[in-house]
Amino acid sequence: MLGSFFIAALLFLGACIGHGAWLTVTLNWFYSKPWPRPLLHNLKILHAVLLPVGPIAFWLLGGFDLTANWSMHPSAGWRSLFSAYLLACWIMAFGLFPLMTLLRNLRHAPSALLRDRAETVDIAERLGFKPAGTGKYRPVCHWPGNEVFQVDFSERTLAVPRLPLAWDGLTILHLTDLHLRGCPDRKFFQQVMDLCRDEEPDFVALTGDVVDSKKHHRWVVPVLGRLRWRVAAYAVLGNHDSWFEPKLTRRRLQRVGFRVLENRWEQIDVRGEPLVIVGHEGPWFQPAPDLSNCPPEPFRLCLSHTPDNLPWGRQHGIDLMLAGHVHGGQVRIPLFGSVFCPSRFSRRYDCGTFHEPPTLMHVSRGLSGQQPIRYNCRPEVTRLVLRAIPLVNADAPARVKEQAMPLH
Ligand SMILES: [Fe+2]
């Protein structure tokens, strides 16, 4: 009696978890699409409504013991559809969900990641106040444990295949997802940029979602104008930029010295070696970059807003791809990891380094987001140090890992 009650309770709980997981996967997929913003907003509301509707419907249609009325036979009518959805929820809850979580926890950094260290700086502590700024989400900054002002200054040393020897030690400051919209305040971003100036990089790479309101284009110059670099600074825009006068954002970036790539490539000379730099703002800006006239030999660096362009990068011989967009999920549950990642791969490329030859990809957690909320997922700026060291074993764990991030 007790055993059947326990099994019924477990199946009911599994159906609810599976229902929530399927909704998360579909919402992540929808948000990877270049669909109109109002449509995406309505889909988000629909998902929020469907989340509690699922358990209520399970109870009303199936009762506590969901197996009692379970039938997949076509003659069962609507019950067969209901049963099929229940089965999908159980497969997710008891199969896919734990399996994917286990695999994520077992995966190790690629051998290309030679060194990974981070220093966390509490920007609120340095300023002497919480730079919450303005806007409706301002109170969220004050929630207990919110890490929105605790920025990780990460340094990742990468062994990059095909990197010319002359570039050994080349540095790239990777910035992404500032989401300038009033919250956090401008002083937060200026403090971060001032700290980035301590060590001048060779390149600055900005991978989109710079401006996220109609009013904050004017922050671009006073914030990003504080940066310095030795060779060049490049930028692409993201989905949020596409919603708020992207031409204006591009002009402001150019004013502070950024070369705004859009969906184009260009070749420059670095220490006597040719470098092809490709911008990929798709799928929000079309068409995708055309590399048909691009010389095949030079090293190819691609700035892409979303990591979803990794398959494109692999097809087009990209050596190193830098991306943002997914913010590491912003909230990461211990052992489980990220939940909401607006990617067609869901949380697969949520942050970190991924080596899928011929492309080595770095995905940054970014500096901010539409909502100023960060738990177990601090904002990040990354200094990449490129090394021309051949990889011996592509599956070996990282050789040196310092101050490992407590992220799952
Ligand atoms: Fe973003």
# chains A, B, ... in the order shown; residues from 1 in each chain; ligands from 1
$ closest_atom_pairs --of "chain A" --to "ligand 1" --cutoff "8 Å" --atoms "only C-alpha atoms and all ligand atoms" --output "JSON lines"
{"residue": "A:Thr176", "atom": "CA", "partner": "ligand 1", "partner_atom_place_in_ligand_line": "1 (Fe)", "distance": 7.7}
{"residue": "A:Asp177", "atom": "CA", "partner": "ligand 1", "partner_atom_place_in_ligand_line": "1 (Fe)", "distance": 4.6}
{"residue": "A:Leu178", "atom": "CA", "partner": "ligand 1", "partner_atom_place_in_ligand_line": "1 (Fe)", "distance": 7.4}
{"residue": "A:His179", "atom": "CA", "partner": "ligand 1", "partner_atom_place_in_ligand_line": "1 (Fe)", "distance": 6.5}
{"residue": "A:Gly208", "atom": "CA", "partner": "ligand 1", "partner_atom_place_in_ligand_line": "1 (Fe)", "distance": 7.3}
{"residue": "A:Asp209", "atom": "CA", "partner": "ligand 1", "partner_atom_place_in_ligand_line": "1 (Fe)", "distance": 5.0}
{"residue": "A:Gly238", "atom": "CA", "partner": "ligand 1", "partner_atom_place_in_ligand_line": "1 (Fe)", "distance": 7.2}
{"residue": "A:Asn239", "atom": "CA", "partner": "ligand 1", "partner_atom_place_in_ligand_line": "1 (Fe)", "distance": 7.5}
{"residue": "A:His240", "atom": "CA", "partner": "ligand 1", "partner_atom_place_in_ligand_line": "1 (Fe)", "distance": 6.8}
{"residue": "A:Gly324", "atom": "CA", "partner": "ligand 1", "partner_atom_place_in_ligand_line": "1 (Fe)", "distance": 7.0}
{"residue": "A:His325", "atom": "CA", "partner": "ligand 1", "partner_atom_place_in_ligand_line": "1 (Fe)", "distance": 4.2}
{"residue": "A:Val326", "atom": "CA", "partner": "ligand 1", "partner_atom_place_in_ligand_line": "1 (Fe)", "distance": 6.3}
{"residue": "A:His327", "atom": "CA", "partner": "ligand 1", "partner_atom_place_in_ligand_line": "1 (Fe)", "distance": 6.4}
{"residue": "A:Gly366", "atom": "CA", "partner": "ligand 1", "partner_atom_place_in_ligand_line": "1 (Fe)", "distance": 7.5}
{"residue": "A:Ser368", "atom": "CA", "partner": "ligand 1", "partner_atom_place_in_ligand_line": "1 (Fe)", "distance": 7.4}
{"residue": "A:Gly369", "atom": "CA", "partner": "ligand 1", "partner_atom_place_in_ligand_line": "1 (Fe)", "distance": 5.5}
{"residue": "A:Gln370", "atom": "CA", "partner": "ligand 1", "partner_atom_place_in_ligand_line": "1 (Fe)", "distance": 7.1}
$ select_by_dssp --residues "region 68-247 of chain A" --states "strand (DSSP E or B)" --output "PDB file with N, CA and C atoms, in the first residue's frame"
ATOM      1  N   LEU A 113      42.598  24.586 -22.966  1.00  0.00           N
ATOM      2  CA  LEU A 113      42.573  25.553 -21.865  1.00  0.00           C
ATOM      3  C   LEU A 113      43.748  25.247 -20.937  1.00  0.00           C
ATOM      4  N   LEU A 114      44.823  26.000 -21.089  1.00  0.00           N
ATOM      5  CA  LEU A 114      46.046  25.718 -20.342  1.00  0.00           C
ATOM      6  C   LEU A 114      45.980  26.251 -18.923  1.00  0.00           C
ATOM      7  N   ARG A 115      45.312  27.357 -18.766  1.00  0.00           N
ATOM      8  CA  ARG A 115      45.324  28.013 -17.460  1.00  0.00           C
ATOM      9  C   ARG A 115      44.025  28.805 -17.317  1.00  0.00           C
ATOM     10  N   ASP A 116      43.433  28.745 -16.133  1.00  0.00           N
ATOM     11  CA  ASP A 116      42.154  29.418 -15.916  1.00  0.00           C
ATOM     12  C   ASP A 116      42.160  29.992 -14.510  1.00  0.00           C
ATOM     13  N   ARG A 117      42.239  31.286 -14.422  1.00  0.00           N
ATOM     14  CA  ARG A 117      42.218  31.889 -13.094  1.00  0.00           C
ATOM     15  C   ARG A 117      41.330  33.126 -13.118  1.00  0.00           C
ATOM     16  N   ALA A 118      40.835  33.474 -11.939  1.00  0.00           N
ATOM     17  CA  ALA A 118      39.926  34.620 -11.880  1.00  0.00           C
ATOM     18  C   ALA A 118      40.106  35.356 -10.568  1.00  0.00           C
ATOM     19  N   GLU A 119      39.992  36.671 -10.659  1.00  0.00           N
ATOM     20  CA  GLU A 119      39.995  37.500  -9.464  1.00  0.00           C
ATOM     21  C   GLU A 119      38.638  38.202  -9.409  1.00  0.00           C
ATOM     22  N   THR A 120      37.964  38.067  -8.283  1.00  0.00           N
ATOM     23  CA  THR A 120      36.643  38.681  -8.152  1.00  0.00           C
ATOM     24  C   THR A 120      36.776  40.048  -7.495  1.00  0.00           C
ATOM     25  N   VAL A 121      36.183  41.044  -8.122  1.00  0.00           N
ATOM     26  CA  VAL A 121      36.218  42.401  -7.563  1.00  0.00           C
ATOM     27  C   VAL A 121      34.779  42.833  -7.279  1.00  0.00           C
ATOM     28  N   ASP A 122      34.533  43.240  -6.028  1.00  0.00           N
ATOM     29  CA  ASP A 122      33.215  43.750  -5.658  1.00  0.00           C
ATOM     30  C   ASP A 122      33.174  45.238  -6.007  1.00  0.00           C
ATOM     31  N   GLN A 150      29.565  41.803  -8.370  1.00  0.00           N
ATOM     32  CA  GLN A 150      30.827  41.089  -8.111  1.00  0.00           C
ATOM     33  C   GLN A 150      31.371  40.549  -9.430  1.00  0.00           C
ATOM     34  N   VAL A 151      32.323  41.256  -9.966  1.00  0.00           N
ATOM     35  CA  VAL A 151      32.790  40.940 -11.321  1.00  0.00           C
ATOM     36  C   VAL A 151      34.037  40.065 -11.273  1.00  0.00           C
ATOM     37  N   ASP A 152      34.002  38.997 -12.049  1.00  0.00           N
ATOM     38  CA  ASP A 152      35.187  38.150 -12.207  1.00  0.00           C
ATOM     39  C   ASP A 152      36.064  38.708 -13.324  1.00  0.00           C
ATOM     40  N   PHE A 153      37.284  39.027 -12.985  1.00  0.00           N
ATOM     41  CA  PHE A 153      38.278  39.370 -14.012  1.00  0.00           C
ATOM     42  C   PHE A 153      39.053  38.096 -14.281  1.00  0.00           C
ATOM     43  N   SER A 154      38.635  37.396 -15.331  1.00  0.00           N
ATOM     44  CA  SER A 154      39.196  36.076 -15.627  1.00  0.00           C
ATOM     45  C   SER A 154      40.362  36.211 -16.582  1.00  0.00           C
ATOM     46  N   GLU A 155      41.325  35.329 -16.408  1.00  0.00           N
ATOM     47  CA  GLU A 155      42.404  35.211 -17.398  1.00  0.00           C
ATOM     48  C   GLU A 155      42.465  33.765 -17.841  1.00  0.00           C
ATOM     49  N   ARG A 156      42.252  33.527 -19.113  1.00  0.00           N
ATOM     50  CA  ARG A 156      42.282  32.165 -19.653  1.00  0.00           C
ATOM     51  C   ARG A 156      43.383  32.079 -20.696  1.00  0.00           C
ATOM     52  N   THR A 157      44.282  31.139 -20.468  1.00  0.00           N
ATOM     53  CA  THR A 157      45.367  30.914 -21.425  1.00  0.00           C
ATOM     54  C   THR A 157      44.982  29.742 -22.310  1.00  0.00           C
ATOM     55  N   LEU A 158      44.977  29.994 -23.609  1.00  0.00           N
ATOM     56  CA  LEU A 158      44.506  28.983 -24.564  1.00  0.00           C
ATOM     57  C   LEU A 158      45.622  28.554 -25.502  1.00  0.00           C
ATOM     58  N   ALA A 159      45.785  27.234 -25.650  1.00  0.00           N
ATOM     59  CA  ALA A 159      46.669  26.706 -26.701  1.00  0.00           C
ATOM     60  C   ALA A 159      45.836  26.658 -27.980  1.00  0.00           C
ATOM     61  N   THR A 171      47.232  38.917 -26.579  1.00  0.00           N
ATOM     62  CA  THR A 171      46.135  39.005 -25.596  1.00  0.00           C
ATOM     63  C   THR A 171      44.896  39.658 -26.213  1.00  0.00           C
ATOM     64  N   ILE A 172      43.739  39.135 -25.813  1.00  0.00           N
ATOM     65  CA  ILE A 172      42.446  39.688 -26.256  1.00  0.00           C
ATOM     66  C   ILE A 172      41.607  39.946 -25.019  1.00  0.00           C
ATOM     67  N   LEU A 173      41.146  41.165 -24.861  1.00  0.00           N
ATOM     68  CA  LEU A 173      40.176  41.462 -23.804  1.00  0.00           C
ATOM     69  C   LEU A 173      38.789  41.207 -24.391  1.00  0.00           C
ATOM     70  N   HIS A 174      38.099  40.212 -23.859  1.00  0.00           N
ATOM     71  CA  HIS A 174      36.788  39.836 -24.376  1.00  0.00           C
ATOM     72  C   HIS A 174      35.697  40.409 -23.475  1.00  0.00           C
ATOM     73  N   LEU A 175      34.937  41.343 -24.043  1.00  0.00           N
ATOM     74  CA  LEU A 175      33.808  41.959 -23.333  1.00  0.00           C
ATOM     75  C   LEU A 175      32.523  41.598 -24.065  1.00  0.00           C
ATOM     76  N   LEU A 180      23.476  48.119 -21.629  1.00  0.00           N
ATOM     77  CA  LEU A 180      23.345  49.458 -21.054  1.00  0.00           C
ATOM     78  C   LEU A 180      21.878  49.874 -21.108  1.00  0.00           C
ATOM     79  N   PHE A 203      44.252  43.191 -28.351  1.00  0.00           N
ATOM     80  CA  PHE A 203      42.959  43.405 -28.999  1.00  0.00           C
ATOM     81  C   PHE A 203      41.863  43.551 -27.944  1.00  0.00           C
ATOM     82  N   VAL A 204      40.827  44.275 -28.305  1.00  0.00           N
ATOM     83  CA  VAL A 204      39.574  44.241 -27.546  1.00  0.00           C
ATOM     84  C   VAL A 204      38.521  43.647 -28.472  1.00  0.00           C
ATOM     85  N   ALA A 205      37.771  42.669 -27.963  1.00  0.00           N
ATOM     86  CA  ALA A 205      36.688  42.050 -28.738  1.00  0.00           C
ATOM     87  C   ALA A 205      35.390  42.230 -27.964  1.00  0.00           C
ATOM     88  N   LEU A 206      34.428  42.856 -28.610  1.00  0.00           N
ATOM     89  CA  LEU A 206      33.129  43.128 -27.978  1.00  0.00           C
ATOM     90  C   LEU A 206      32.067  42.357 -28.766  1.00  0.00           C
ATOM     91  N   THR A 207      31.383  41.423 -28.086  1.00  0.00           N
ATOM     92  CA  THR A 207      30.506  40.509 -28.831  1.00  0.00           C
ATOM     93  C   THR A 207      29.009  40.764 -28.594  1.00  0.00           C
ATOM     94  N   VAL A 211      23.823  48.012 -26.081  1.00  0.00           N
ATOM     95  CA  VAL A 211      22.780  48.942 -25.634  1.00  0.00           C
ATOM     96  C   VAL A 211      21.455  48.194 -25.549  1.00  0.00           C
ATOM     97  N   ALA A 232      44.101  46.707 -32.093  1.00  0.00           N
ATOM     98  CA  ALA A 232      42.784  47.099 -32.623  1.00  0.00           C
ATOM     99  C   ALA A 232      41.669  46.633 -31.687  1.00  0.00           C
ATOM    100  N   ALA A 233      40.511  47.251 -31.859  1.00  0.00           N
ATOM    101  CA  ALA A 233      39.307  46.833 -31.123  1.00  0.00           C
ATOM    102  C   ALA A 233      38.209  46.545 -32.143  1.00  0.00           C
ATOM    103  N   TYR A 234      37.554  45.414 -31.982  1.00  0.00           N
ATOM    104  CA  TYR A 234      36.504  45.007 -32.919  1.00  0.00           C
ATOM    105  C   TYR A 234      35.206  44.745 -32.158  1.00  0.00           C
ATOM    106  N   ALA A 235      34.087  44.954 -32.859  1.00  0.00           N
ATOM    107  CA  ALA A 235      32.787  44.746 -32.214  1.00  0.00           C
ATOM    108  C   ALA A 235      31.773  44.173 -33.193  1.00  0.00           C
ATOM    109  N   VAL A 236      30.855  43.389 -32.640  1.00  0.00           N
ATOM    110  CA  VAL A 236      29.633  43.004 -33.359  1.00  0.00           C
ATOM    111  C   VAL A 236      28.464  43.331 -32.436  1.00  0.00           C
TER     112      VAL A 236
END
$ atom_distance --atom1 "CA of Asn146 (chain A)" --atom2 "CA of Leu224 (chain A)"
25.0 Å
$ closest_residue --among "A:Ala109, A:Leu303, A:Val331, A:Ala132" --to "Gly352 (chain A)" --atoms "only C-alpha atoms"
A:Ala109
$ residues_around --residues "Trp35 (chain A)" --least-positions-apart "6" --cutoff "12 Å" --atoms "only C-alpha atoms" --output "list in words"
Trp29, His41, Asn42, Leu43, Asn239, His240, Ser242, Trp243, Pro283, Trp284 and Phe285 of chain A
$ write_last_selection --atoms "N, CA and C atoms" --output "compact mmCIF listing (two decimals), in the first residue's frame"
# COMPACT_ATOMS: atom_id res chain seq x y z
N TRP A 29 14.75 27.54 -26.90
CA TRP A 29 14.79 27.43 -28.37
C TRP A 29 14.13 28.65 -29.02
N HIS A 41 8.06 37.98 -26.14
CA HIS A 41 7.53 38.36 -24.82
C HIS A 41 6.24 37.58 -24.53
N ASN A 42 5.38 37.48 -25.55
CA ASN A 42 4.12 36.74 -25.35
C ASN A 42 4.38 35.25 -25.13
N LEU A 43 5.38 34.72 -25.82
CA LEU A 43 5.73 33.31 -25.62
C LEU A 43 6.24 33.08 -24.20
N ASN A 239 21.26 40.65 -30.29
CA ASN A 239 19.81 40.75 -30.49
C ASN A 239 19.21 41.98 -29.80
N HIS A 240 19.68 42.31 -28.61
CA HIS A 240 19.13 43.49 -27.92
C HIS A 240 19.52 44.77 -28.65
N SER A 242 19.75 44.99 -31.78
CA SER A 242 18.91 45.05 -32.99
C SER A 242 17.56 45.70 -32.71
N TRP A 243 17.16 45.73 -31.44
CA TRP A 243 15.85 46.31 -31.08
C TRP A 243 15.92 47.81 -30.80
N PRO A 283 21.55 35.15 -35.85
CA PRO A 283 20.55 35.27 -36.91
C PRO A 283 19.79 36.61 -36.91
N TRP A 284 20.18 37.53 -36.04
CA TRP A 284 19.38 38.77 -35.94
C TRP A 284 19.68 39.75 -37.06
N PHE A 285 20.90 39.75 -37.56
CA PHE A 285 21.24 40.56 -38.72
C PHE A 285 21.62 39.61 -39.84
$ atom_distance --atom1 "CA of Ser83 (chain A)" --atom2 "CA of Val339 (chain A)"
26.2 Å
$ closest_residue --among "A:Thr24, A:Gly272, A:Gln315, A:Asn376" --to "Ile333 (chain A)" --atoms "only C-alpha atoms"
A:Asn376
$ residues_around --residues "Leu10 (chain A)" --least-positions-apart "2" --cutoff "12 Å" --atoms "only C-alpha atoms" --output "list in words"
Gly3, Ser4, Phe5, Phe6, Ile7, Ala8, Phe12, Leu13, Gly14, Ala15, Cys16, Ile17, Gly18, Phe64, Asp65, Leu66, Thr67, Trp90, Ala93 and Phe94 of chain A
$ closest_residue --among "A:Gly329, A:Pro139, A:Gly77, A:Pro55" --to "Val363 (chain A)" --atoms "only C-alpha atoms"
A:Gly329
$ closest_residue --among "A:Ile123, A:Val220, A:Lys215, A:Arg226" --to "Glu200 (chain A)" --atoms "only C-alpha atoms"
A:Arg226
$ atom_distance --atom1 "CA of Pro379 (chain A)" --atom2 "CA of Leu227 (chain A)"
18.1 Å
$ closest_residue --among "A:Pro34, A:Pro311, A:Gly133, A:Gly20" --to "Ala88 (chain A)" --atoms "only C-alpha atoms"
A:Gly20
$ residues_around --residues "Val192 (chain A)" --least-positions-apart "3" --cutoff "9 Å" --atoms "only C-alpha atoms" --output "list in words"
Ile123, Val151, Lys187, Phe188, Phe189, Leu195, Cys196, Arg197 and Val381 of chain A
$ select_by_dssp --residues "region 84-261 of chain A" --states "helix (DSSP H, G or I)" --output "PyMOL selection string"
chain A and resi 84-106+123-127+138-142+165-167+186-196+216-224+239-243+246-255
